[in-house]
Amino acid sequence: MLANYHTHTPRCNHAVGPERDYIGRALEGGLQELGFSDHTPYFFDQPDYYSSFRMRPEQLPDYVETLLGLRAEYGDRIRLFIGLEAEYYPRLFPRLLDYLRQFPLDYLILGQHALYNETEGVYSTRPTDDEKLLDQYRGQTLEALETGLFSYFAHPDLFHFTGDPKAYDRHVRAICRKAMELSIPLEFNLLGFSEGKHYPDPAFWRIVGEEGCPVVLGSDAHAPADTWDPALIAREEALLADCGIRPIDRVALHPIR
Ligand SMILES: [Zn+2]
Ligand SMILES: [Zn+2]
């Protein structure tokens, strides 16, 4: 592993440790590139709604300034990038972009943690056999990829579908084909793997291997030690090799301007 673009900070309320410690761990592992992509702030149109797993809009200036300072300090040892992990919420996304464009952001990654515009309370990780919701996840994430604003698709297998495997195959292939068409890498997520979550889902990655999509490893670090975990990376690469997948080392990032 030479690069990791999926790194959090305590601003999202469920990660721990200063940015400096994540950078230190990346240096220990010999990473050449490290991207921070904490959970984006969002502006919700219901004023009393609070989304607990992301920074608030007023924390973004400090996030960017802190990372610009660290980039100046560590620039000769590692390439640091400043990004965000964002859901695509169709009704709210334009306002978010207006705000994000005021900052020198190097990239966005797509992490679709909830469907619709989040306030409906339909979360991707909640098990369901309802194909209509899987169809919504597919449609919503493909629309996101088509904006051209996302540099990669984080844990694309986050949606926890427990229904008909044939339906699952069909929707996953549609995601893979769009990712191929747009040359957008799919992320094999180390955090899900280490915590024994429902993702990465072998059924999903077998299809990715068959379709030949570009795949990148993502630490999804919520603690400094997660940034680079050699035992985990070895296990992950073995699983991917079984699916005929050899991950790429670097991703071409699309700055938000
Ligand atoms: Zn998180
Ligand atoms: Zn993440």
# chains A, B, ... in the order shown; residues from 1 in each chain; ligands from 1
call {"tool": "closest_atom_pairs", "arguments": {"of": "chain A", "to": "ligand 2", "cutoff": "7 Å", "atoms": "only C-alpha atoms and all ligand atoms", "output": "CSV"}}
result
residue,atom,partner,partner_atom_place_in_ligand_line,distance
A:His6,CA,ligand 2,1 (Zn),6.0
A:Thr7,CA,ligand 2,1 (Zn),6.8
A:His8,CA,ligand 2,1 (Zn),6.6
A:Asp38,CA,ligand 2,1 (Zn),6.7
A:His39,CA,ligand 2,1 (Zn),6.7
A:Glu85,CA,ligand 2,1 (Zn),6.3
A:Gly111,CA,ligand 2,1 (Zn),7.0
A:Asp220,CA,ligand 2,1 (Zn),4.7
call {"tool": "write_last_selection", "arguments": {"atoms": "N, CA and C atoms", "output": "PDB file, in the first residue's frame"}}
result
ATOM      1  N   HIS A   6      -8.518   7.612   2.650  1.00  0.00           N
ATOM      2  CA  HIS A   6      -9.727   7.541   3.472  1.00  0.00           C
ATOM      3  C   HIS A   6      -9.331   7.588   4.948  1.00  0.00           C
ATOM      4  N   THR A   7      -9.266   8.803   5.494  1.00  0.00           N
ATOM      5  CA  THR A   7      -8.767   9.047   6.848  1.00  0.00           C
ATOM      6  C   THR A   7      -9.682  10.069   7.528  1.00  0.00           C
ATOM      7  N   HIS A   8     -10.063   9.789   8.761  1.00  0.00           N
ATOM      8  CA  HIS A   8     -10.975  10.678   9.488  1.00  0.00           C
ATOM      9  C   HIS A   8     -10.238  11.500  10.546  1.00  0.00           C
ATOM     10  N   ASP A  38     -12.537  13.400   6.016  1.00  0.00           N
ATOM     11  CA  ASP A  38     -13.483  13.275   7.131  1.00  0.00           C
ATOM     12  C   ASP A  38     -14.920  13.444   6.612  1.00  0.00           C
ATOM     13  N   HIS A  39     -15.874  12.993   7.412  1.00  0.00           N
ATOM     14  CA  HIS A  39     -17.291  13.078   7.018  1.00  0.00           C
ATOM     15  C   HIS A  39     -17.692  14.537   6.810  1.00  0.00           C
ATOM     16  N   GLU A  85     -15.344  12.903   2.768  1.00  0.00           N
ATOM     17  CA  GLU A  85     -16.206  11.784   2.383  1.00  0.00           C
ATOM     18  C   GLU A  85     -17.640  12.318   2.421  1.00  0.00           C
ATOM     19  N   GLY A 111     -19.420   8.263  -0.068  1.00  0.00           N
ATOM     20  CA  GLY A 111     -19.750   7.251   0.945  1.00  0.00           C
ATOM     21  C   GLY A 111     -21.227   7.440   1.246  1.00  0.00           C
ATOM     22  N   ASP A 220     -10.013   3.769   5.786  1.00  0.00           N
ATOM     23  CA  ASP A 220     -11.167   4.304   6.530  1.00  0.00           C
ATOM     24  C   ASP A 220     -10.769   4.467   8.000  1.00  0.00           C
TER      25      ASP A 220
END
call {"tool": "residues_near_ligand", "arguments": {"ligand": "ligand 1", "cutoff": "12 Å", "atoms": "only C-alpha atoms and all ligand atoms", "output": "PDB file with all heavy atoms, in the first residue's frame"}}
result
ATOM      1  N   HIS A   6      -8.518   7.612   2.650  1.00  0.00           N
ATOM      2  CA  HIS A   6      -9.727   7.541   3.472  1.00  0.00           C
ATOM      3  C   HIS A   6      -9.331   7.588   4.948  1.00  0.00           C
ATOM      4  O   HIS A   6      -9.073   6.554   5.583  1.00  0.00           O
ATOM      5  CB  HIS A   6     -10.499   6.256   3.120  1.00  0.00           C
ATOM      6  CG  HIS A   6     -11.909   6.248   3.614  1.00  0.00           C
ATOM      7  ND1 HIS A   6     -12.868   5.376   3.126  1.00  0.00           N
ATOM      8  CD2 HIS A   6     -12.534   6.998   4.546  1.00  0.00           C
ATOM      9  CE1 HIS A   6     -14.018   5.605   3.741  1.00  0.00           C
ATOM     10  NE2 HIS A   6     -13.838   6.570   4.614  1.00  0.00           N
ATOM     11  N   THR A   7      -9.266   8.803   5.494  1.00  0.00           N
ATOM     12  CA  THR A   7      -8.767   9.047   6.848  1.00  0.00           C
ATOM     13  C   THR A   7      -9.682  10.069   7.528  1.00  0.00           C
ATOM     14  O   THR A   7     -10.009  11.089   6.924  1.00  0.00           O
ATOM     15  CB  THR A   7      -7.336   9.632   6.785  1.00  0.00           C
ATOM     16  OG1 THR A   7      -6.561   8.863   5.864  1.00  0.00           O
ATOM     17  CG2 THR A   7      -6.673   9.623   8.150  1.00  0.00           C
ATOM     18  N   HIS A   8     -10.063   9.789   8.761  1.00  0.00           N
ATOM     19  CA  HIS A   8     -10.975  10.678   9.488  1.00  0.00           C
ATOM     20  C   HIS A   8     -10.238  11.500  10.546  1.00  0.00           C
ATOM     21  O   HIS A   8      -9.032  11.328  10.750  1.00  0.00           O
ATOM     22  CB  HIS A   8     -12.114   9.847  10.099  1.00  0.00           C
ATOM     23  CG  HIS A   8     -13.014   9.297   9.036  1.00  0.00           C
ATOM     24  ND1 HIS A   8     -14.030  10.029   8.493  1.00  0.00           N
ATOM     25  CD2 HIS A   8     -13.005   8.105   8.364  1.00  0.00           C
ATOM     26  CE1 HIS A   8     -14.640   9.314   7.544  1.00  0.00           C
ATOM     27  NE2 HIS A   8     -14.028   8.141   7.450  1.00  0.00           N
ATOM     28  N   THR A   9     -10.988  12.372  11.201  1.00  0.00           N
ATOM     29  CA  THR A   9     -10.461  13.161  12.323  1.00  0.00           C
ATOM     30  C   THR A   9     -11.564  13.214  13.390  1.00  0.00           C
ATOM     31  O   THR A   9     -12.722  12.913  13.076  1.00  0.00           O
ATOM     32  CB  THR A   9     -10.096  14.618  11.912  1.00  0.00           C
ATOM     33  OG1 THR A   9     -11.290  15.416  11.872  1.00  0.00           O
ATOM     34  CG2 THR A   9      -9.373  14.684  10.563  1.00  0.00           C
ATOM     35  N   PRO A  10     -11.248  13.596  14.610  1.00  0.00           N
ATOM     36  CA  PRO A  10     -12.276  13.580  15.667  1.00  0.00           C
ATOM     37  C   PRO A  10     -13.464  14.508  15.409  1.00  0.00           C
ATOM     38  O   PRO A  10     -14.473  14.426  16.113  1.00  0.00           O
ATOM     39  CB  PRO A  10     -11.501  14.030  16.913  1.00  0.00           C
ATOM     40  CG  PRO A  10     -10.083  13.647  16.623  1.00  0.00           C
ATOM     41  CD  PRO A  10      -9.905  13.876  15.148  1.00  0.00           C
ATOM     42  N   ARG A  11     -13.378  15.367  14.395  1.00  0.00           N
ATOM     43  CA  ARG A  11     -14.501  16.288  14.141  1.00  0.00           C
ATOM     44  C   ARG A  11     -15.808  15.568  13.810  1.00  0.00           C
ATOM     45  O   ARG A  11     -16.884  16.132  13.941  1.00  0.00           O
ATOM     46  CB  ARG A  11     -14.152  17.244  12.997  1.00  0.00           C
ATOM     47  CG  ARG A  11     -13.062  18.223  13.360  1.00  0.00           C
ATOM     48  CD  ARG A  11     -12.615  19.045  12.160  1.00  0.00           C
ATOM     49  NE  ARG A  11     -11.387  19.783  12.471  1.00  0.00           N
ATOM     50  CZ  ARG A  11     -10.172  19.230  12.493  1.00  0.00           C
ATOM     51  NH1 ARG A  11     -10.015  17.956  12.206  1.00  0.00           N
ATOM     52  NH2 ARG A  11      -9.115  19.956  12.809  1.00  0.00           N
ATOM     53  N   CYS A  12     -15.699  14.294  13.374  1.00  0.00           N
ATOM     54  CA  CYS A  12     -16.923  13.565  12.998  1.00  0.00           C
ATOM     55  C   CYS A  12     -17.576  12.901  14.217  1.00  0.00           C
ATOM     56  O   CYS A  12     -18.576  12.191  14.075  1.00  0.00           O
ATOM     57  CB  CYS A  12     -16.609  12.523  11.929  1.00  0.00           C
ATOM     58  SG  CYS A  12     -15.559  11.182  12.523  1.00  0.00           S
ATOM     59  N   ASN A  13     -17.005  13.105  15.408  1.00  0.00           N
ATOM     60  CA  ASN A  13     -17.577  12.594  16.665  1.00  0.00           C
ATOM     61  C   ASN A  13     -17.433  11.082  16.863  1.00  0.00           C
ATOM     62  O   ASN A  13     -17.914  10.552  17.862  1.00  0.00           O
ATOM     63  CB  ASN A  13     -19.070  12.952  16.808  1.00  0.00           C
ATOM     64  CG  ASN A  13     -19.318  14.429  16.670  1.00  0.00           C
ATOM     65  OD1 ASN A  13     -18.606  15.224  17.269  1.00  0.00           O
ATOM     66  ND2 ASN A  13     -20.314  14.802  15.872  1.00  0.00           N
ATOM     67  N   HIS A  14     -16.792  10.363  15.927  1.00  0.00           N
ATOM     68  CA  HIS A  14     -16.592   8.927  16.175  1.00  0.00           C
ATOM     69  C   HIS A  14     -15.200   8.469  15.703  1.00  0.00           C
ATOM     70  O   HIS A  14     -14.990   7.297  15.420  1.00  0.00           O
ATOM     71  CB  HIS A  14     -17.711   8.086  15.538  1.00  0.00           C
ATOM     72  CG  HIS A  14     -17.792   8.201  14.049  1.00  0.00           C
ATOM     73  ND1 HIS A  14     -18.376   9.257  13.407  1.00  0.00           N
ATOM     74  CD2 HIS A  14     -17.342   7.395  13.084  1.00  0.00           C
ATOM     75  CE1 HIS A  14     -18.296   9.096  12.109  1.00  0.00           C
ATOM     76  NE2 HIS A  14     -17.658   7.971  11.868  1.00  0.00           N
ATOM     77  N   ALA A  15     -14.263   9.431  15.630  1.00  0.00           N
ATOM     78  CA  ALA A  15     -12.863   9.085  15.356  1.00  0.00           C
ATOM     79  C   ALA A  15     -12.022   9.687  16.476  1.00  0.00           C
ATOM     80  O   ALA A  15     -12.460  10.629  17.140  1.00  0.00           O
ATOM     81  CB  ALA A  15     -12.423   9.651  14.011  1.00  0.00           C
ATOM     82  N   VAL A  16     -10.838   9.110  16.702  1.00  0.00           N
ATOM     83  CA  VAL A  16      -9.995   9.592  17.807  1.00  0.00           C
ATOM     84  C   VAL A  16      -8.572   9.877  17.332  1.00  0.00           C
ATOM     85  O   VAL A  16      -8.107   9.279  16.370  1.00  0.00           O
ATOM     86  CB  VAL A  16      -9.918   8.559  18.970  1.00  0.00           C
ATOM     87  CG1 VAL A  16     -11.279   8.385  19.631  1.00  0.00           C
ATOM     88  CG2 VAL A  16      -9.376   7.212  18.481  1.00  0.00           C
ATOM     89  N   PHE A  36      -6.811  13.011   3.813  1.00  0.00           N
ATOM     90  CA  PHE A  36      -7.842  13.095   4.857  1.00  0.00           C
ATOM     91  C   PHE A  36      -9.188  13.318   4.184  1.00  0.00           C
ATOM     92  O   PHE A  36      -9.305  14.151   3.275  1.00  0.00           O
ATOM     93  CB  PHE A  36      -7.525  14.241   5.826  1.00  0.00           C
ATOM     94  CG  PHE A  36      -6.458  13.891   6.824  1.00  0.00           C
ATOM     95  CD1 PHE A  36      -5.110  14.052   6.508  1.00  0.00           C
ATOM     96  CD2 PHE A  36      -6.800  13.364   8.058  1.00  0.00           C
ATOM     97  CE1 PHE A  36      -4.121  13.700   7.423  1.00  0.00           C
ATOM     98  CE2 PHE A  36      -5.815  13.012   8.982  1.00  0.00           C
ATOM     99  CZ  PHE A  36      -4.477  13.176   8.664  1.00  0.00           C
ATOM    100  N   SER A  37     -10.165  12.560   4.603  1.00  0.00           N
ATOM    101  CA  SER A  37     -11.497  12.640   3.987  1.00  0.00           C
ATOM    102  C   SER A  37     -12.529  12.438   5.094  1.00  0.00           C
ATOM    103  O   SER A  37     -13.262  11.453   5.115  1.00  0.00           O
ATOM    104  CB  SER A  37     -11.641  11.561   2.915  1.00  0.00           C
ATOM    105  OG  SER A  37     -11.262  10.291   3.452  1.00  0.00           O
ATOM    106  N   ASP A  38     -12.537  13.400   6.016  1.00  0.00           N
ATOM    107  CA  ASP A  38     -13.483  13.275   7.131  1.00  0.00           C
ATOM    108  C   ASP A  38     -14.920  13.444   6.612  1.00  0.00           C
ATOM    109  O   ASP A  38     -15.133  13.970   5.519  1.00  0.00           O
ATOM    110  CB  ASP A  38     -13.164  14.315   8.212  1.00  0.00           C
ATOM    111  CG  ASP A  38     -13.642  13.858   9.586  1.00  0.00           C
ATOM    112  OD1 ASP A  38     -14.190  12.741   9.687  1.00  0.00           O
ATOM    113  OD2 ASP A  38     -13.466  14.619  10.555  1.00  0.00           O
ATOM    114  N   HIS A  39     -15.874  12.993   7.412  1.00  0.00           N
ATOM    115  CA  HIS A  39     -17.291  13.078   7.018  1.00  0.00           C
ATOM    116  C   HIS A  39     -17.692  14.537   6.810  1.00  0.00           C
ATOM    117  O   HIS A  39     -17.585  15.360   7.734  1.00  0.00           O
ATOM    118  CB  HIS A  39     -18.164  12.451   8.105  1.00  0.00           C
ATOM    119  CG  HIS A  39     -17.962  10.974   8.256  1.00  0.00           C
ATOM    120  ND1 HIS A  39     -18.566  10.049   7.423  1.00  0.00           N
ATOM    121  CD2 HIS A  39     -17.226  10.247   9.128  1.00  0.00           C
ATOM    122  CE1 HIS A  39     -18.216   8.823   7.798  1.00  0.00           C
ATOM    123  NE2 HIS A  39     -17.392   8.907   8.830  1.00  0.00           N
ATOM    124  N   THR A  40     -18.140  14.842   5.613  1.00  0.00           N
ATOM    125  CA  THR A  40     -18.464  16.219   5.240  1.00  0.00           C
ATOM    126  C   THR A  40     -19.548  16.828   6.126  1.00  0.00           C
ATOM    127  O   THR A  40     -20.440  16.120   6.596  1.00  0.00           O
ATOM    128  CB  THR A  40     -18.963  16.264   3.777  1.00  0.00           C
ATOM    129  OG1 THR A  40     -19.126  17.637   3.386  1.00  0.00           O
ATOM    130  CG2 THR A  40     -20.313  15.574   3.599  1.00  0.00           C
ATOM    131  N   SER A  52     -25.320  13.318  13.596  1.00  0.00           N
ATOM    132  CA  SER A  52     -24.271  13.239  14.626  1.00  0.00           C
ATOM    133  C   SER A  52     -22.923  12.733  14.121  1.00  0.00           C
ATOM    134  O   SER A  52     -21.916  12.894  14.787  1.00  0.00           O
ATOM    135  CB  SER A  52     -24.758  12.317  15.743  1.00  0.00           C
ATOM    136  OG  SER A  52     -24.977  11.019  15.211  1.00  0.00           O
ATOM    137  N   PHE A  53     -22.887  12.109  12.940  1.00  0.00           N
ATOM    138  CA  PHE A  53     -21.638  11.446  12.520  1.00  0.00           C
ATOM    139  C   PHE A  53     -20.807  12.267  11.539  1.00  0.00           C
ATOM    140  O   PHE A  53     -20.017  11.724  10.781  1.00  0.00           O
ATOM    141  CB  PHE A  53     -21.944  10.051  11.952  1.00  0.00           C
ATOM    142  CG  PHE A  53     -22.802  10.037  10.704  1.00  0.00           C
ATOM    143  CD1 PHE A  53     -22.224   9.923   9.441  1.00  0.00           C
ATOM    144  CD2 PHE A  53     -24.181  10.111  10.806  1.00  0.00           C
ATOM    145  CE1 PHE A  53     -23.005   9.887   8.302  1.00  0.00           C
ATOM    146  CE2 PHE A  53     -24.976  10.083   9.664  1.00  0.00           C
ATOM    147  CZ  PHE A  53     -24.390   9.976   8.408  1.00  0.00           C
ATOM    148  N   ARG A  54     -20.959  13.560  11.583  1.00  0.00           N
ATOM    149  CA  ARG A  54     -20.202  14.424  10.668  1.00  0.00           C
ATOM    150  C   ARG A  54     -19.842  15.730  11.374  1.00  0.00           C
ATOM    151  O   ARG A  54     -20.460  16.092  12.374  1.00  0.00           O
ATOM    152  CB  ARG A  54     -21.043  14.718   9.429  1.00  0.00           C
ATOM    153  CG  ARG A  54     -22.374  15.441   9.738  1.00  0.00           C
ATOM    154  CD  ARG A  54     -23.201  15.706   8.486  1.00  0.00           C
ATOM    155  NE  ARG A  54     -23.863  14.506   7.997  1.00  0.00           N
ATOM    156  CZ  ARG A  54     -23.481  13.790   6.956  1.00  0.00           C
ATOM    157  NH1 ARG A  54     -22.434  14.172   6.254  1.00  0.00           N
ATOM    158  NH2 ARG A  54     -24.127  12.700   6.588  1.00  0.00           N
ATOM    159  N   MET A  55     -18.838  16.446  10.820  1.00  0.00           N
ATOM    160  CA  MET A  55     -18.511  17.759  11.382  1.00  0.00           C
ATOM    161  C   MET A  55     -19.637  18.736  11.058  1.00  0.00           C
ATOM    162  O   MET A  55     -20.441  18.506  10.148  1.00  0.00           O
ATOM    163  CB  MET A  55     -17.181  18.266  10.813  1.00  0.00           C
ATOM    164  CG  MET A  55     -17.207  18.643   9.335  1.00  0.00           C
ATOM    165  SD  MET A  55     -15.624  19.322   8.759  1.00  0.00           S
ATOM    166  CE  MET A  55     -14.699  17.820   8.406  1.00  0.00           C
ATOM    167  N   LEU A  84     -12.910  15.200   1.509  1.00  0.00           N
ATOM    168  CA  LEU A  84     -14.057  14.905   2.363  1.00  0.00           C
ATOM    169  C   LEU A  84     -14.741  13.652   1.834  1.00  0.00           C
ATOM    170  O   LEU A  84     -14.726  13.389   0.629  1.00  0.00           O
ATOM    171  CB  LEU A  84     -15.068  16.063   2.338  1.00  0.00           C
ATOM    172  CG  LEU A  84     -14.658  17.372   3.032  1.00  0.00           C
ATOM    173  CD1 LEU A  84     -15.634  18.479   2.638  1.00  0.00           C
ATOM    174  CD2 LEU A  84     -14.604  17.202   4.547  1.00  0.00           C
ATOM    175  N   GLU A  85     -15.344  12.903   2.768  1.00  0.00           N
ATOM    176  CA  GLU A  85     -16.206  11.784   2.383  1.00  0.00           C
ATOM    177  C   GLU A  85     -17.640  12.318   2.421  1.00  0.00           C
ATOM    178  O   GLU A  85     -18.087  12.814   3.461  1.00  0.00           O
ATOM    179  CB  GLU A  85     -16.049  10.625   3.382  1.00  0.00           C
ATOM    180  CG  GLU A  85     -16.992   9.457   3.108  1.00  0.00           C
ATOM    181  CD  GLU A  85     -16.803   8.289   4.093  1.00  0.00           C
ATOM    182  OE1 GLU A  85     -16.197   8.492   5.168  1.00  0.00           O
ATOM    183  OE2 GLU A  85     -17.267   7.193   3.775  1.00  0.00           O
ATOM    184  N   ALA A  86     -18.323  12.234   1.295  1.00  0.00           N
ATOM    185  CA  ALA A  86     -19.657  12.838   1.222  1.00  0.00           C
ATOM    186  C   ALA A  86     -20.691  11.862   0.693  1.00  0.00           C
ATOM    187  O   ALA A  86     -20.406  11.068  -0.208  1.00  0.00           O
ATOM    188  CB  ALA A  86     -19.619  14.078   0.329  1.00  0.00           C
ATOM    189  N   GLU A  87     -21.887  11.961   1.241  1.00  0.00           N
ATOM    190  CA  GLU A  87     -23.046  11.298   0.651  1.00  0.00           C
ATOM    191  C   GLU A  87     -23.526  12.174  -0.508  1.00  0.00           C
ATOM    192  O   GLU A  87     -23.261  13.384  -0.540  1.00  0.00           O
ATOM    193  CB  GLU A  87     -24.198  11.178   1.660  1.00  0.00           C
ATOM    194  CG  GLU A  87     -23.908  10.309   2.866  1.00  0.00           C
ATOM    195  CD  GLU A  87     -23.068  11.031   3.913  1.00  0.00           C
ATOM    196  OE1 GLU A  87     -22.771  12.237   3.737  1.00  0.00           O
ATOM    197  OE2 GLU A  87     -22.701  10.379   4.915  1.00  0.00           O
ATOM    198  N   GLY A 111     -19.420   8.263  -0.068  1.00  0.00           N
ATOM    199  CA  GLY A 111     -19.750   7.251   0.945  1.00  0.00           C
ATOM    200  C   GLY A 111     -21.227   7.440   1.246  1.00  0.00           C
ATOM    201  O   GLY A 111     -21.604   8.385   1.939  1.00  0.00           O
ATOM    202  N   GLN A 112     -22.063   6.558   0.701  1.00  0.00           N
ATOM    203  CA  GLN A 112     -23.520   6.780   0.758  1.00  0.00           C
ATOM    204  C   GLN A 112     -24.101   6.113   2.003  1.00  0.00           C
ATOM    205  O   GLN A 112     -24.618   5.007   1.922  1.00  0.00           O
ATOM    206  CB  GLN A 112     -24.157   6.251  -0.540  1.00  0.00           C
ATOM    207  CG  GLN A 112     -25.594   6.692  -0.744  1.00  0.00           C
ATOM    208  CD  GLN A 112     -25.710   8.195  -0.995  1.00  0.00           C
ATOM    209  OE1 GLN A 112     -24.886   8.801  -1.655  1.00  0.00           O
ATOM    210  NE2 GLN A 112     -26.728   8.815  -0.427  1.00  0.00           N
ATOM    211  N   HIS A 113     -23.999   6.785   3.141  1.00  0.00           N
ATOM    212  CA  HIS A 113     -24.418   6.177   4.411  1.00  0.00           C
ATOM    213  C   HIS A 113     -25.928   6.131   4.600  1.00  0.00           C
ATOM    214  O   HIS A 113     -26.420   5.370   5.420  1.00  0.00           O
ATOM    215  CB  HIS A 113     -23.763   6.914   5.576  1.00  0.00           C
ATOM    216  CG  HIS A 113     -22.265   6.857   5.523  1.00  0.00           C
ATOM    217  ND1 HIS A 113     -21.504   7.859   4.963  1.00  0.00           N
ATOM    218  CD2 HIS A 113     -21.404   5.897   5.906  1.00  0.00           C
ATOM    219  CE1 HIS A 113     -20.221   7.517   5.027  1.00  0.00           C
ATOM    220  NE2 HIS A 113     -20.131   6.333   5.597  1.00  0.00           N
ATOM    221  N   ALA A 154     -16.326   5.000  -2.049  1.00  0.00           N
ATOM    222  CA  ALA A 154     -15.927   4.302  -0.815  1.00  0.00           C
ATOM    223  C   ALA A 154     -16.953   3.230  -0.440  1.00  0.00           C
ATOM    224  O   ALA A 154     -18.154   3.418  -0.631  1.00  0.00           O
ATOM    225  CB  ALA A 154     -15.797   5.304   0.328  1.00  0.00           C
ATOM    226  N   HIS A 155     -16.466   2.140   0.118  1.00  0.00           N
ATOM    227  CA  HIS A 155     -17.321   0.998   0.497  1.00  0.00           C
ATOM    228  C   HIS A 155     -18.616   0.944  -0.335  1.00  0.00           C
ATOM    229  O   HIS A 155     -19.717   1.149   0.208  1.00  0.00           O
ATOM    230  CB  HIS A 155     -17.620   0.942   2.000  1.00  0.00           C
ATOM    231  CG  HIS A 155     -17.854   2.277   2.684  1.00  0.00           C
ATOM    232  ND1 HIS A 155     -18.830   3.157   2.288  1.00  0.00           N
ATOM    233  CD2 HIS A 155     -17.229   2.860   3.735  1.00  0.00           C
ATOM    234  CE1 HIS A 155     -18.803   4.219   3.065  1.00  0.00           C
ATOM    235  NE2 HIS A 155     -17.833   4.064   3.953  1.00  0.00           N
ATOM    236  N   ASN A 189     -12.813  -1.685   1.501  1.00  0.00           N
ATOM    237  CA  ASN A 189     -12.706  -0.950   2.756  1.00  0.00           C
ATOM    238  C   ASN A 189     -12.110  -1.792   3.885  1.00  0.00           C
ATOM    239  O   ASN A 189     -12.670  -2.804   4.293  1.00  0.00           O
ATOM    240  CB  ASN A 189     -14.114  -0.455   3.123  1.00  0.00           C
ATOM    241  CG  ASN A 189     -14.111   0.464   4.320  1.00  0.00           C
ATOM    242  OD1 ASN A 189     -14.108   0.008   5.455  1.00  0.00           O
ATOM    243  ND2 ASN A 189     -14.118   1.757   4.073  1.00  0.00           N
ATOM    244  N   LEU A 191     -11.699  -1.044   7.070  1.00  0.00           N
ATOM    245  CA  LEU A 191     -12.359  -0.956   8.375  1.00  0.00           C
ATOM    246  C   LEU A 191     -13.447  -2.023   8.511  1.00  0.00           C
ATOM    247  O   LEU A 191     -13.541  -2.713   9.526  1.00  0.00           O
ATOM    248  CB  LEU A 191     -12.960   0.440   8.565  1.00  0.00           C
ATOM    249  CG  LEU A 191     -13.652   0.665   9.910  1.00  0.00           C
ATOM    250  CD1 LEU A 191     -12.625   0.746  11.032  1.00  0.00           C
ATOM    251  CD2 LEU A 191     -14.506   1.921   9.894  1.00  0.00           C
ATOM    252  N   GLY A 192     -14.261  -2.147   7.461  1.00  0.00           N
ATOM    253  CA  GLY A 192     -15.314  -3.162   7.491  1.00  0.00           C
ATOM    254  C   GLY A 192     -14.714  -4.547   7.664  1.00  0.00           C
ATOM    255  O   GLY A 192     -15.229  -5.400   8.396  1.00  0.00           O
ATOM    256  N   SER A 219      -8.192   2.655   4.014  1.00  0.00           N
ATOM    257  CA  SER A 219      -8.103   2.309   5.435  1.00  0.00           C
ATOM    258  C   SER A 219      -9.355   2.698   6.193  1.00  0.00           C
ATOM    259  O   SER A 219      -9.695   2.060   7.185  1.00  0.00           O
ATOM    260  CB  SER A 219      -6.918   3.021   6.079  1.00  0.00           C
ATOM    261  OG  SER A 219      -5.731   2.689   5.420  1.00  0.00           O
ATOM    262  N   ASP A 220     -10.013   3.769   5.786  1.00  0.00           N
ATOM    263  CA  ASP A 220     -11.167   4.304   6.530  1.00  0.00           C
ATOM    264  C   ASP A 220     -10.769   4.467   8.000  1.00  0.00           C
ATOM    265  O   ASP A 220     -11.493   4.048   8.907  1.00  0.00           O
ATOM    266  CB  ASP A 220     -12.382   3.366   6.387  1.00  0.00           C
ATOM    267  CG  ASP A 220     -13.697   4.069   6.677  1.00  0.00           C
ATOM    268  OD1 ASP A 220     -13.666   5.251   7.074  1.00  0.00           O
ATOM    269  OD2 ASP A 220     -14.743   3.426   6.520  1.00  0.00           O
ATOM    270  N   ALA A 221      -9.595   5.060   8.212  1.00  0.00           N
ATOM    271  CA  ALA A 221      -9.029   5.155   9.560  1.00  0.00           C
ATOM    272  C   ALA A 221      -9.838   6.095  10.437  1.00  0.00           C
ATOM    273  O   ALA A 221     -10.048   7.253  10.096  1.00  0.00           O
ATOM    274  CB  ALA A 221      -7.575   5.622   9.477  1.00  0.00           C
ATOM    275  N   HIS A 222     -10.291   5.552  11.584  1.00  0.00           N
ATOM    276  CA  HIS A 222     -10.949   6.351  12.609  1.00  0.00           C
ATOM    277  C   HIS A 222     -10.074   6.412  13.858  1.00  0.00           C
ATOM    278  O   HIS A 222     -10.485   6.945  14.895  1.00  0.00           O
ATOM    279  CB  HIS A 222     -12.327   5.772  12.953  1.00  0.00           C
ATOM    280  CG  HIS A 222     -13.373   5.996  11.886  1.00  0.00           C
ATOM    281  ND1 HIS A 222     -13.406   5.300  10.710  1.00  0.00           N
ATOM    282  CD2 HIS A 222     -14.431   6.853  11.821  1.00  0.00           C
ATOM    283  CE1 HIS A 222     -14.447   5.711   9.968  1.00  0.00           C
ATOM    284  NE2 HIS A 222     -15.074   6.644  10.621  1.00  0.00           N
ATOM    285  N   ALA A 223      -8.880   5.828  13.800  1.00  0.00           N
ATOM    286  CA  ALA A 223      -7.864   5.902  14.853  1.00  0.00           C
ATOM    287  C   ALA A 223      -6.516   5.805  14.149  1.00  0.00           C
ATOM    288  O   ALA A 223      -6.413   5.163  13.093  1.00  0.00           O
ATOM    289  CB  ALA A 223      -8.027   4.756  15.846  1.00  0.00           C
TER     290      ALA A 223
END
call {"tool": "residues_around", "arguments": {"residues": "Arg257 (chain A)", "least_positions_apart": "2", "cutoff": "9 Å", "atoms": "only C-alpha atoms", "output": "ChimeraX atom specification"}}
result
/A:100-106,255
call {"tool": "closest_residue", "arguments": {"among": "A:Phe188, A:Arg250, A:Tyr137, A:Phe150", "to": "Tyr168 (chain A)", "atoms": "only C-alpha atoms"}}
result
A:Tyr137
call {"tool": "residues_around", "arguments": {"residues": "Glu237 (chain A)", "least_positions_apart": "5", "cutoff": "9 Å", "atoms": "only C-alpha atoms", "output": "PyMOL selection string"}}
result
chain A and resi 217+232+242+245-247
call {"tool": "residues_around", "arguments": {"residues": "Arg206 (chain A)", "least_positions_apart": "4", "cutoff": "8 Å", "atoms": "only C-alpha atoms", "output": "JSON, numbers by chain"}}
result
{"A": [202, 210, 243]}
call {"tool": "write_last_selection", "arguments": {"atoms": "C-alpha atoms", "output": "compact mmCIF listing (two decimals), in the first residue's frame"}}
result
# COMPACT_ATOMS: atom_id res chain seq x y z
CA PRO A 202 -17.38 -11.40 -1.11
CA GLU A 210 -15.57 -10.40 -13.29
CA CYS A 243 -11.49 -12.56 -6.97
